[in-house]
file final04.tsv (TSV, C-alpha atoms and all ligand atoms)
chain	number	residue	atom	x	y	z
A	1	MET	CA	103.78	47.29	133.18
A	2	GLN	CA	100.15	47.49	132.13
A	3	ARG	CA	99.37	46.88	128.45
A	4	ARG	CA	97.05	49.41	126.82
A	5	SER	CA	94.24	48.35	124.50
A	6	PRO	CA	95.25	47.65	120.86
A	7	ALA	CA	92.90	50.43	119.70
A	8	ARG	CA	94.93	53.01	121.56
A	9	ARG	CA	98.16	51.62	120.16
A	10	VAL	CA	96.88	51.92	116.59
A	11	ARG	CA	95.67	55.46	117.14
A	12	ARG	CA	99.12	56.55	118.26
A	13	GLY	CA	100.63	54.94	115.18
A	14	LEU	CA	103.52	52.49	114.98
A	15	LEU	CA	105.65	54.46	112.57
A	16	PRO	CA	107.82	57.36	113.64
A	17	GLY	CA	107.03	60.80	112.33
A	18	ALA	CA	109.46	62.32	109.82
A	19	ARG	CA	112.44	63.87	111.53
A	20	SER	CA	116.17	64.02	111.07
A	21	PRO	CA	118.11	60.97	112.34
A	22	ARG	CA	119.86	62.17	115.46
A	23	THR	CA	120.74	58.71	116.69
A	24	ALA	CA	121.24	55.44	114.84
A	25	THR	CA	118.08	53.92	116.30
A	26	LEU	CA	116.10	56.19	113.99
A	27	VAL	CA	117.78	55.42	110.69
A	28	SER	CA	115.93	52.25	109.67
A	29	LEU	CA	112.56	50.78	110.55
A	30	ASP	CA	114.08	47.35	111.31
A	31	ALA	CA	116.52	48.92	113.71
A	32	GLU	CA	113.71	50.95	115.16
A	33	SER	CA	111.40	48.02	115.91
A	34	ALA	CA	114.33	46.08	117.41
A	35	ALA	CA	115.10	49.11	119.59
A	36	LEU	CA	111.47	49.37	120.73
A	37	ARG	CA	111.46	45.67	121.67
A	38	GLU	CA	114.75	46.01	123.55
A	39	LEU	CA	113.53	49.04	125.48
A	40	ARG	CA	110.19	47.42	126.35
A	41	GLU	CA	112.03	44.35	127.60
A	42	ALA	CA	114.54	46.40	129.63
A	43	LEU	CA	111.79	48.42	131.34
A	44	SER	CA	109.93	45.21	132.23
A	45	ARG	CA	112.99	43.59	133.86
A	46	ALA	CA	113.68	43.41	137.60
A	47	PRO	CA	115.30	45.79	138.25
A	48	ARG	CA	113.89	48.02	135.56
A	49	GLU	CA	116.54	49.27	133.16
A	50	ILE	CA	117.08	51.68	130.27
A	51	PRO	CA	120.01	50.66	128.01
A	52	SER	CA	122.83	53.17	128.50
A	53	LYS	CA	123.05	53.91	124.77
A	54	TYR	CA	119.93	56.09	125.31
A	55	PHE	CA	122.12	58.64	127.08
A	56	TYR	CA	123.55	59.80	123.78
A	57	ASP	CA	121.10	62.08	122.02
A	58	ASP	CA	122.42	65.54	121.09
A	59	ALA	CA	121.99	66.92	124.61
A	60	GLY	CA	123.41	63.76	126.23
A	61	SER	CA	126.50	63.71	124.01
A	62	ALA	CA	127.15	67.38	124.85
A	63	LEU	CA	126.65	66.64	128.59
A	64	PHE	CA	129.03	63.68	128.37
A	65	GLU	CA	131.67	65.94	126.83
A	66	GLN	CA	131.15	68.33	129.77
A	67	ILE	CA	131.57	65.39	132.18
A	68	THR	CA	134.92	64.51	130.59
A	69	ARG	CA	136.17	68.02	131.50
A	70	LEU	CA	135.06	67.88	135.16
A	71	PRO	CA	137.94	67.70	137.64
A	72	GLU	CA	136.07	64.93	139.52
A	73	TYR	CA	135.68	62.69	136.44
A	74	PHE	CA	139.26	61.42	136.19
A	75	PRO	CA	138.98	58.54	133.63
A	76	THR	CA	139.20	60.73	130.51
A	77	ALA	CA	142.21	62.77	131.66
A	78	THR	CA	143.94	59.62	132.92
A	79	GLU	CA	143.43	57.75	129.65
A	80	ARG	CA	144.44	60.80	127.63
A	81	ALA	CA	147.75	61.16	129.54
A	82	LEU	CA	148.41	57.44	129.13
A	83	LEU	CA	147.74	57.57	125.39
A	84	GLU	CA	149.88	60.67	124.93
A	85	ALA	CA	152.79	59.14	126.86
A	86	ARG	CA	152.66	55.72	125.17
A	87	ALA	CA	151.18	56.34	121.70
A	88	ALA	CA	154.46	55.77	119.86
A	89	ALA	CA	155.07	52.40	121.55
A	90	LEU	CA	151.45	51.32	121.03
A	91	VAL	CA	151.49	52.22	117.34
A	92	GLU	CA	154.84	50.48	116.94
A	93	SER	CA	153.35	47.27	118.45
A	94	ALA	CA	150.33	47.69	116.18
A	95	GLY	CA	152.42	47.62	113.01
A	96	GLY	CA	153.66	51.24	112.72
A	97	ARG	CA	153.49	52.39	109.12
A	98	LYS	CA	151.62	49.22	108.09
A	99	LEU	CA	148.55	50.57	109.89
A	100	THR	CA	146.07	51.56	107.17
A	101	ASP	CA	142.81	51.87	109.11
A	102	VAL	CA	142.04	53.12	112.59
A	103	VAL	CA	138.41	52.35	113.49
A	104	GLU	CA	136.99	53.80	116.69
A	105	LEU	CA	133.82	52.34	118.19
A	106	GLY	CA	131.82	54.84	120.26
A	107	SER	CA	134.22	57.59	119.24
A	108	GLY	CA	132.44	60.39	121.12
A	109	ALA	CA	134.42	63.60	120.69
A	110	ALA	CA	137.54	61.48	119.89
A	111	SER	CA	139.93	64.16	121.12
A	112	LYS	CA	142.15	61.51	122.79
A	113	THR	CA	142.56	59.64	119.52
A	114	VAL	CA	144.64	62.44	117.98
A	115	ALA	CA	147.72	61.22	119.94
A	116	LEU	CA	147.47	57.77	118.30
A	117	LEU	CA	146.92	59.18	114.83
A	118	ASP	CA	149.92	61.48	115.33
A	119	ALA	CA	152.06	58.51	116.30
A	120	ALA	CA	150.92	56.66	113.15
A	121	LEU	CA	151.84	59.70	111.02
A	122	ALA	CA	155.20	59.96	112.78
A	123	ALA	CA	155.84	56.26	112.03
A	124	GLY	CA	155.50	57.08	108.31
A	125	GLY	CA	151.91	55.83	107.88
A	126	ARG	CA	148.82	57.68	106.66
A	127	PRO	CA	145.90	55.78	108.13
A	128	LYS	CA	142.27	56.40	107.39
A	129	TYR	CA	140.19	57.08	110.51
A	130	VAL	CA	136.70	55.56	110.76
A	131	ALA	CA	134.45	56.79	113.58
A	132	VAL	CA	131.46	54.63	114.55
A	133	ASP	CA	128.89	56.11	116.92
A	134	ILE	CA	125.17	55.95	117.65
A	135	SER	CA	125.07	59.71	118.06
A	136	ALA	CA	125.10	62.07	115.07
A	137	HIS	CA	126.14	64.85	117.46
A	138	ALA	CA	129.19	62.84	118.60
A	139	LEU	CA	130.18	62.10	114.98
A	140	GLN	CA	129.91	65.79	114.12
A	141	ARG	CA	132.22	66.64	117.05
A	142	THR	CA	134.67	63.94	115.90
A	143	LYS	CA	134.69	65.49	112.43
A	144	GLU	CA	135.24	69.03	113.76
A	145	ILE	CA	138.00	68.01	116.17
A	146	LEU	CA	139.93	65.96	113.61
A	147	ALA	CA	139.51	68.47	110.79
A	148	ALA	CA	140.95	71.18	113.06
A	149	ALA	CA	143.70	69.02	114.60
A	150	ARG	CA	144.85	66.80	111.69
A	151	PRO	CA	143.29	67.85	108.37
A	152	GLU	CA	145.62	65.47	106.50
A	153	ILE	CA	143.88	62.38	107.98
A	154	PRO	CA	140.94	61.10	105.88
A	155	VAL	CA	137.89	60.59	108.11
A	156	GLU	CA	134.83	58.39	107.54
A	157	HIS	CA	131.76	58.15	109.74
A	158	VAL	CA	129.38	55.32	110.43
A	159	LEU	CA	126.17	56.26	112.24
A	160	ALA	CA	125.30	52.91	113.80
A	161	ASP	CA	124.37	51.05	116.93
A	162	TYR	CA	127.41	48.81	117.25
A	163	THR	CA	125.43	46.26	119.28
A	164	GLN	CA	123.35	45.61	116.14
A	165	ALA	CA	124.62	45.00	112.59
A	166	LEU	CA	128.09	46.47	112.26
A	167	GLN	CA	129.41	47.40	108.83
A	168	LEU	CA	132.93	48.70	108.47
A	169	PRO	CA	134.33	50.27	105.30
A	170	PRO	CA	136.73	47.89	103.50
A	171	LYS	CA	140.45	48.24	104.17
A	172	PRO	CA	143.09	48.09	101.42
A	173	ALA	CA	144.53	44.65	100.52
A	174	GLY	CA	147.42	43.81	102.83
A	175	GLY	CA	146.47	46.66	105.17
A	176	ARG	CA	146.23	46.42	108.94
A	177	ARG	CA	143.30	47.61	110.97
A	178	LEU	CA	143.44	48.90	114.54
A	179	VAL	CA	140.07	48.96	116.31
A	180	LEU	CA	139.82	51.32	119.28
A	181	PHE	CA	137.30	50.91	122.06
A	182	LEU	CA	138.30	53.54	124.56
A	183	GLY	CA	136.96	55.48	127.53
A	184	GLY	CA	136.13	52.43	129.62
A	185	THR	CA	132.88	51.98	127.65
A	186	ILE	CA	133.42	48.18	127.81
A	187	GLY	CA	132.57	48.54	131.52
A	188	ASN	CA	129.03	49.60	130.61
A	189	ASP	CA	128.29	45.92	129.82
A	190	GLU	CA	128.04	42.84	132.01
A	191	ASP	CA	130.83	40.30	131.41
A	192	GLU	CA	128.91	38.00	129.08
A	193	ALA	CA	127.63	40.86	126.91
A	194	ALA	CA	131.11	42.44	126.82
A	195	VAL	CA	132.77	39.22	125.59
A	196	LYS	CA	129.97	38.64	123.10
A	197	PHE	CA	130.35	42.17	121.77
A	198	LEU	CA	134.16	41.92	121.45
A	199	SER	CA	133.78	38.52	119.74
A	200	ARG	CA	131.44	40.10	117.19
A	201	VAL	CA	133.96	42.88	116.61
A	202	ARG	CA	136.61	40.17	116.12
A	203	GLU	CA	134.44	38.62	113.38
A	204	HIS	CA	134.73	41.87	111.41
A	205	MET	CA	138.50	41.78	111.63
A	206	GLU	CA	141.18	39.75	109.90
A	207	GLN	CA	143.93	37.77	111.56
A	208	ASP	CA	146.68	40.11	112.83
A	209	ASP	CA	144.39	43.15	112.98
A	210	LEU	CA	144.48	44.74	116.41
A	211	LEU	CA	142.18	45.85	119.20
A	212	LEU	CA	143.06	48.58	121.70
A	213	LEU	CA	140.71	48.40	124.67
A	214	GLY	CA	140.60	51.06	127.40
A	215	ALA	CA	139.36	49.90	130.81
A	216	ASN	CA	138.79	51.52	134.17
A	217	LEU	CA	140.64	49.76	136.98
A	218	ILE	CA	139.63	49.24	140.60
A	219	THR	CA	140.47	52.27	142.69
A	220	ASP	CA	139.45	54.30	145.76
A	221	PRO	CA	135.63	54.10	146.18
A	222	ALA	CA	135.41	57.68	147.48
A	223	ALA	CA	137.12	59.06	144.35
A	224	LEU	CA	134.82	56.92	142.21
A	225	HIS	CA	131.75	58.13	144.05
A	226	LEU	CA	132.73	61.76	143.46
A	227	ALA	CA	133.38	61.09	139.76
A	228	TYR	CA	129.71	60.10	139.30
A	229	ASN	CA	128.27	62.56	141.83
A	230	ASP	CA	129.90	65.83	140.84
A	231	PRO	CA	128.82	68.86	142.90
A	232	GLN	CA	127.87	70.81	139.75
A	233	GLY	CA	125.23	68.19	138.98
A	234	ILE	CA	126.38	67.57	135.39
A	235	THR	CA	126.27	63.78	135.82
A	236	ALA	CA	122.82	64.07	137.38
A	237	ALA	CA	121.66	66.11	134.37
A	238	PHE	CA	123.24	63.51	132.03
A	239	ASN	CA	121.39	60.75	133.90
A	240	ARG	CA	117.99	62.49	133.84
A	241	ASN	CA	118.40	63.38	130.17
A	242	VAL	CA	118.06	59.69	129.31
A	243	LEU	CA	114.34	60.03	130.09
A	244	ARG	CA	113.99	62.98	127.70
A	245	ASN	CA	115.63	60.92	124.97
A	246	VAL	CA	113.32	57.98	125.68
A	247	ASN	CA	110.35	60.42	125.63
A	248	SER	CA	111.36	61.70	122.21
A	249	PHE	CA	111.96	58.19	120.84
A	250	VAL	CA	108.81	56.43	122.09
A	251	ARG	CA	106.61	59.47	122.84
A	252	SER	CA	106.40	58.58	126.52
A	253	ASN	CA	105.80	61.17	129.23
A	254	PHE	CA	108.50	60.66	131.87
A	255	ASP	CA	108.92	63.80	133.97
A	256	ALA	CA	112.70	63.77	134.47
A	257	GLU	CA	112.51	66.23	137.37
A	258	LYS	CA	110.50	63.71	139.39
A	259	PHE	CA	113.53	61.41	139.57
A	260	ALA	CA	116.56	61.57	141.86
A	261	HIS	CA	120.03	60.79	140.51
A	262	TYR	CA	121.59	58.00	142.61
A	263	ALA	CA	125.02	56.62	141.70
A	264	PRO	CA	126.69	54.46	144.36
A	265	TYR	CA	129.89	52.44	143.93
A	266	VAL	CA	128.88	48.84	144.66
A	267	VAL	CA	132.04	47.35	146.14
A	268	GLU	CA	130.96	43.72	145.84
A	269	LYS	CA	130.24	44.09	142.13
A	270	GLN	CA	133.20	46.40	141.41
A	271	ARG	CA	130.99	48.88	139.66
A	272	ILE	CA	129.22	52.20	139.77
A	273	GLU	CA	125.49	51.83	139.21
A	274	MET	CA	123.52	54.81	137.96
A	275	TRP	CA	119.88	54.89	138.96
A	276	LEU	CA	116.94	57.23	138.55
A	277	VAL	CA	114.72	56.92	141.61
A	278	ALA	CA	111.08	58.05	141.59
A	279	ARG	CA	110.58	60.85	144.14
A	280	GLU	CA	106.83	60.10	144.20
A	281	ALA	CA	104.41	57.43	142.97
A	282	MET	CA	103.51	57.92	139.31
A	283	ASP	CA	102.03	56.38	136.17
A	284	VAL	CA	104.12	56.93	133.06
A	285	ASP	CA	102.49	56.61	129.63
A	286	LEU	CA	105.06	54.67	127.60
A	287	GLY	CA	103.77	55.94	124.25
A	288	ARG	CA	104.78	53.69	121.36
A	289	LEU	CA	105.78	50.91	123.79
A	290	GLY	CA	102.04	50.50	124.25
A	291	SER	CA	101.81	50.31	128.04
A	292	THR	CA	101.75	52.30	131.24
A	293	LEU	CA	104.58	52.08	133.75
A	294	ARG	CA	103.43	52.29	137.36
A	295	LEU	CA	106.24	53.36	139.68
A	296	ALA	CA	106.03	53.44	143.47
A	297	ARG	CA	107.77	56.21	145.41
A	298	GLY	CA	111.41	55.14	145.81
A	299	GLU	CA	111.31	52.69	142.91
A	300	GLY	CA	114.31	52.92	140.63
A	301	ILE	CA	115.29	52.47	137.00
A	302	ARG	CA	118.91	51.45	136.46
A	303	THR	CA	120.39	53.46	133.60
A	304	GLU	CA	124.02	52.33	133.62
A	305	ILE	CA	126.61	50.06	135.15
A	306	SER	CA	130.20	51.23	134.92
A	307	ARG	CA	132.58	48.44	135.88
A	308	ARG	CA	136.10	48.61	137.29
A	309	PHE	CA	138.46	45.78	136.37
A	310	THR	CA	141.73	44.17	137.35
A	311	ARG	CA	144.45	43.75	134.71
A	312	GLU	CA	143.77	39.99	134.68
A	313	GLN	CA	140.04	40.49	134.08
A	314	VAL	CA	140.69	42.75	131.08
A	315	LEU	CA	143.25	40.39	129.53
A	316	ARG	CA	140.99	37.38	130.08
A	317	MET	CA	138.08	39.27	128.47
A	318	ILE	CA	139.97	40.08	125.25
A	319	ASP	CA	141.46	36.60	125.14
A	320	SER	CA	138.00	35.01	125.44
A	321	ALA	CA	136.85	37.17	122.52
A	322	GLY	CA	139.64	35.91	120.22
A	323	PHE	CA	142.46	38.41	120.78
A	324	THR	CA	145.89	37.38	122.04
A	325	PRO	CA	147.05	39.96	124.59
A	326	GLU	CA	150.12	41.67	123.08
A	327	ARG	CA	150.70	44.62	125.36
A	328	TRP	CA	149.31	46.07	128.60
A	329	ILE	CA	149.95	49.61	129.78
A	330	GLU	CA	148.66	51.24	132.92
A	331	SER	CA	148.47	54.81	134.22
A	332	PRO	CA	150.98	55.61	137.00
A	333	ASP	CA	148.08	55.84	139.50
A	334	ALA	CA	146.81	52.39	138.36
A	335	ARG	CA	143.34	53.81	137.64
A	336	PHE	CA	143.21	53.08	133.91
A	337	GLY	CA	144.63	50.38	131.67
A	338	LEU	CA	144.96	49.86	127.92
A	339	ALA	CA	145.15	46.35	126.49
A	340	LEU	CA	146.41	45.75	122.97
A	341	GLY	CA	145.27	42.43	121.51
A	342	VAL	CA	146.02	40.71	118.21
A	343	ALA	CA	143.15	39.00	116.38
A	344	ARG	CA	143.87	35.29	116.14
A	345	THR	CA	142.08	32.53	114.26
A	346	SER	CA	141.59	29.96	117.00
A	347	LEU	CA	139.15	30.62	119.82
A	348	ARG	CA	141.54	29.20	122.46
A	349	GLY	CA	141.24	31.10	125.75
A	350	ILE	CA	143.86	31.63	128.49
A	401	LIG	N1	135.22	56.98	123.37
A	401	LIG	C1	134.85	58.30	123.86
A	401	LIG	C2	133.36	58.43	124.18
A	401	LIG	C3	132.86	57.54	125.30
A	401	LIG	S1	131.14	57.84	125.63
A	401	LIG	C4	135.65	58.65	125.08
A	401	LIG	O1	136.43	57.80	125.51
A	401	LIG	O2	135.53	59.75	125.59
A	401	LIG	C5	130.41	56.47	124.80
A	401	LIG	C6	130.27	56.76	123.32
A	401	LIG	O3	129.78	55.58	122.71
A	401	LIG	C7	129.26	57.87	123.02
A	401	LIG	O4	129.76	58.73	122.02
A	401	LIG	C8	128.03	57.12	122.54
A	401	LIG	O5	127.25	57.86	121.63
A	401	LIG	C9	128.64	55.88	121.94
A	401	LIG	N2	127.77	54.71	122.05
A	401	LIG	C10	127.17	54.22	123.16
A	401	LIG	N3	126.46	53.12	122.88
A	401	LIG	C11	126.61	52.92	121.54
A	401	LIG	C12	126.12	51.93	120.65
A	401	LIG	N4	125.34	50.94	121.07
A	401	LIG	N5	126.49	52.01	119.34
A	401	LIG	C13	127.30	53.01	118.90
A	401	LIG	N6	127.79	53.98	119.71
A	401	LIG	C14	127.46	53.93	121.01
A	402	LIG	C1	130.93	56.16	128.49
A	402	LIG	N1	131.15	55.58	129.80
A	402	LIG	C2	132.46	54.89	129.84
A	402	LIG	C3	131.01	56.54	130.90
A	402	LIG	C4	131.29	55.83	132.24
A	402	LIG	O1	131.99	56.41	133.06
A	402	LIG	O2	130.83	54.70	132.43
A	402	LIG	C5	129.64	57.19	130.93
A	402	LIG	C6	129.40	58.01	132.14
A	402	LIG	N2	128.44	57.83	133.00
A	402	LIG	C7	128.50	58.74	133.96
A	402	LIG	N3	129.54	59.49	133.75
A	402	LIG	C8	130.11	59.08	132.61
call {"tool": "encode", "arguments": {"input": "final04.tsv", "output": "structure tokens"}}
result
Amino acid sequence: MQRRSPARRVRRGLLPGARSPRTATLVSLDAESAALRELREALSRAPREIPSKYFYDDAGSALFEQITRLPEYFPTATERALLEARAAALVESAGGRKLTDVVELGSGAASKTVALLDAALAAGGRPKYVAVDISAHALQRTKEILAAARPEIPVEHVLADYTQALQLPPKPAGGRRLVLFLGGTIGNDEDEAAVKFLSRVREHMEQDDLLLLGANLITDPAALHLAYNDPQGITAAFNRNVLRNVNSFVRSNFDAEKFAHYAPYVVEKQRIEMWLVAREAMDVDLGRLGSTLRLARGEGIRTEISRRFTREQVLRMIDSAGFTPERWIESPDARFGLALGVARTSLRGI
């Protein structure tokens, strides 16, 4: 990347203009300068990257919800069926009526969570539900869906980037907290970052609180390819939208239509990789990042990894983060797994 002169940087201004906070990166100036640094660093890396959290502006959150309804994108339906079939047993293992708080990280539209909350109600509990998401649009959808489906459940929202400072509302004395991280979102991180993230989540929990982690499992590469290359082009639109969100955040001038959506399943790495590939050579003004990005024709920016796991990999991951695996359930087609872990004090790993 080529740095612009300081004079130009000053003229553009370092502070954001007044606007409503649509994502958590815009709510505080500290968070904002950390986000600018992170983005600058990601775009300078080889390969160039944009952190996948930038998918989720209003338009991106709505596109993701559309993706979850596509027949080709099977993870959501598979996890939903698994949760609906096994919610009672999961809630029982998580303490049944003792469950006072259900916290969901990256809640999205949270429609799958209703099955778990129902099971907690059926067990005689009345848990509070806390949704944490970077996207105000996603939190609004969570609120609408839960208010319509289960108005008796108290709902709180935290607009936050959970990779940064995480603050959870206090739970009642003697209560038990269940933290949900569903949808296979853990697969959007490399192993080290995933374990680090789960360990940080563990630090916010007390001994005997629980984690329910949803993970995509290794399956047929052709089915996976189709799930991220749907013929309607919704995933391609979701991918390109990341550039519009970056444009609005840093005032850059990416032309999303000049990029091809490319999403292969990389067998060796057990993961889908989403890329945006320049259809022609171009110079992109990176706005508040203070530089120009020169891209050759065919050069790519990686926007997401989406990993597939084995059961052992998932259990090892939660164990390394300080959770003792308590229960594992898997969809009948072995495409999706849910691991329930209990927060322990020692950091012993399996
Ligand atoms: N759990 C839902 C949504 C998955 S999509 C499901 O299973 O369908 C990923 C969700 O995580 C989005 O709603 C996105 O806005 C949120 N998200 C992604 N990165 C985030 C971050 N760093 N901090 C907080 N939320 C994040
Ligand atoms: C949120 N995350 C688990 C999704 C995934 O499958 O990795 C995001 C997504 N990317 C393309 N389609 C859906």
call {"tool": "residues_near_ligand", "arguments": {"input": "final04.tsv", "ligand": "ligand LIG 402 (chain A)", "cutoff": "6 Å", "atoms": "all atoms listed in the file", "output": "list of chain:residue names"}}
result
A:Gly183, A:Gly184, A:Thr185, A:Asn188, A:Tyr228, A:Thr235, A:Ser306
call {"tool": "closest_atom_pairs", "arguments": {"input": "final04.tsv", "of": "chain A", "to": "ligand LIG 401 (chain A)", "cutoff": "9 Å", "atoms": "only C-alpha atoms and all ligand atoms", "output": "tab-separated table"}}
result
residue	atom	partner	partner_atom	distance
A:Thr23	CA	A:LIG401	O5	8.2
A:Ala24	CA	A:LIG401	C13	7.7
A:Pro51	CA	A:LIG401	N3	8.6
A:Ser52	CA	A:LIG401	N3	6.7
A:Lys53	CA	A:LIG401	N3	4.0
A:Tyr54	CA	A:LIG401	N3	7.6
A:Phe55	CA	A:LIG401	O5	7.5
A:Tyr56	CA	A:LIG401	O5	4.7
A:Asp57	CA	A:LIG401	O5	7.5
A:Gly60	CA	A:LIG401	O5	8.4
A:Ser61	CA	A:LIG401	O4	6.3
A:Phe64	CA	A:LIG401	S1	6.8
A:Glu65	CA	A:LIG401	O2	7.4
A:Thr68	CA	A:LIG401	O2	6.9
A:Pro75	CA	A:LIG401	O1	8.5
A:Thr76	CA	A:LIG401	O2	6.2
A:Glu79	CA	A:LIG401	O1	8.1
A:Arg80	CA	A:LIG401	O1	8.8
A:Glu104	CA	A:LIG401	N1	7.6
A:Leu105	CA	A:LIG401	N6	6.4
A:Gly106	CA	A:LIG401	O3	3.3
A:Ser107	CA	A:LIG401	N1	4.3
A:Gly108	CA	A:LIG401	O4	3.3
A:Ala109	CA	A:LIG401	C1	6.2
A:Ala110	CA	A:LIG401	C1	5.8
A:Ser111	CA	A:LIG401	O2	7.7
A:Lys112	CA	A:LIG401	O1	7.3
A:Thr113	CA	A:LIG401	N1	8.7
A:Val132	CA	A:LIG401	C13	6.2
A:Asp133	CA	A:LIG401	N6	3.7
A:Ile134	CA	A:LIG401	C13	3.8
A:Ser135	CA	A:LIG401	O5	4.6
A:Ala136	CA	A:LIG401	O5	8.1
A:His137	CA	A:LIG401	O5	8.2
A:Ala138	CA	A:LIG401	O4	5.4
A:Leu139	CA	A:LIG401	O4	7.8
A:Leu159	CA	A:LIG401	C13	7.5
A:Ala160	CA	A:LIG401	C13	5.5
A:Asp161	CA	A:LIG401	N5	3.4
A:Tyr162	CA	A:LIG401	N5	3.9
A:Thr163	CA	A:LIG401	N4	5.0
A:Gln164	CA	A:LIG401	N4	7.5
A:Leu180	CA	A:LIG401	N1	8.4
A:Phe181	CA	A:LIG401	N1	6.5
A:Leu182	CA	A:LIG401	O1	4.7
A:Gly183	CA	A:LIG401	O1	3.1
A:Gly184	CA	A:LIG401	O1	6.8
A:Thr185	CA	A:LIG401	C5	5.9
A:Asn188	CA	A:LIG401	N3	8.9
A:Gly214	CA	A:LIG401	O1	8.1
call {"tool": "closest_residue", "arguments": {"input": "final04.tsv", "among": "A:Ala77, A:Ala173, A:Leu212, A:Leu289", "to": "Ser44 in chain A", "atoms": "all atoms listed in the file"}}
result
A:Leu289
call {"tool": "closest_residue", "arguments": {"input": "final04.tsv", "among": "A:Ala223, A:Leu117, A:Ala343, A:Leu286", "to": "Val201 in chain A", "atoms": "only C-alpha atoms"}}
result
A:Ala343
call {"tool": "atom_distance", "arguments": {"input": "final04.tsv", "atom1": "CA of Asn245 in chain A", "atom2": "CA of Arg271 in chain A"}}
result
24.4 Å
call {"tool": "atom_distance", "arguments": {"input": "final04.tsv", "atom1": "CA of Gly341 in chain A", "atom2": "CA of Pro221 in chain A"}}
result
28.9 Å
call {"tool": "atom_distance", "arguments": {"input": "final04.tsv", "atom1": "CA of Gly174 in chain A", "atom2": "CA of His204 in chain A"}}
result
15.4 Å
call {"tool": "closest_residue", "arguments": {"input": "final04.tsv", "among": "A:Ala194, A:Leu295, A:Ala94, A:Ala131", "to": "Val342 in chain A", "atoms": "only C-alpha atoms"}}
result
A:Ala94
call {"tool": "closest_residue", "arguments": {"input": "final04.tsv", "among": "A:Leu340, A:Thr310, A:Val114, A:Lys171", "to": "Leu146 in chain A", "atoms": "only C-alpha atoms"}}
result
A:Val114
call {"tool": "closest_residue", "arguments": {"input": "final04.tsv", "among": "A:Ala227, A:Ala260, A:Leu116, A:Val242", "to": "Phe74 in chain A", "atoms": "all atoms listed in the file"}}
result
A:Ala227
call {"tool": "axis_aligned_box", "arguments": {"input": "final04.tsv", "around": "range 136-149 of chain A", "padding_each_side": "5 Å", "output": "AutoDock Vina command-line options"}}
result
--center_x 134.4 --center_y 66.6 --center_z 114.7 --size_x 28.6 --size_y 19.1 --size_z 17.8
call {"tool": "build_atoms", "arguments": {"input": "final04.tsv", "residues": "range 164-175 of chain A", "atoms": "N, CA and C atoms", "output": "CSV table (one decimal), in the coordinates of the input"}}
result
chain,number,residue,atom,x,y,z
A,164,GLN,N,124.2,46.2,117.2
A,164,GLN,CA,123.4,45.6,116.1
A,164,GLN,C,124.3,45.3,115.0
A,165,ALA,N,123.8,45.3,113.7
A,165,ALA,CA,124.6,45.0,112.6
A,165,ALA,C,125.7,46.0,112.5
A,166,LEU,N,126.9,45.6,112.3
A,166,LEU,CA,128.1,46.5,112.3
A,166,LEU,C,128.7,46.3,110.9
A,167,GLN,N,128.8,47.5,110.2
A,167,GLN,CA,129.4,47.4,108.8
A,167,GLN,C,130.6,48.4,108.8
A,168,LEU,N,131.7,47.8,108.5
A,168,LEU,CA,132.9,48.7,108.5
A,168,LEU,C,133.4,48.9,107.0
A,169,PRO,N,133.8,50.1,106.7
A,169,PRO,CA,134.3,50.3,105.3
A,169,PRO,C,135.5,49.3,105.0
A,170,PRO,N,135.6,48.8,103.8
A,170,PRO,CA,136.7,47.9,103.5
A,170,PRO,C,138.1,48.5,103.7
A,171,LYS,N,139.1,47.7,104.1
A,171,LYS,CA,140.4,48.2,104.2
A,171,LYS,C,141.2,47.8,102.9
A,172,PRO,N,142.3,48.5,102.6
A,172,PRO,CA,143.1,48.1,101.4
A,172,PRO,C,143.7,46.7,101.6
A,173,ALA,N,143.9,46.0,100.5
A,173,ALA,CA,144.5,44.6,100.5
A,173,ALA,C,145.9,44.7,101.2
A,174,GLY,N,146.1,43.8,102.1
A,174,GLY,CA,147.4,43.8,102.8
A,174,GLY,C,147.5,44.8,104.0
A,175,GLY,N,146.4,45.6,104.1
A,175,GLY,CA,146.5,46.7,105.2
A,175,GLY,C,146.2,46.1,106.5
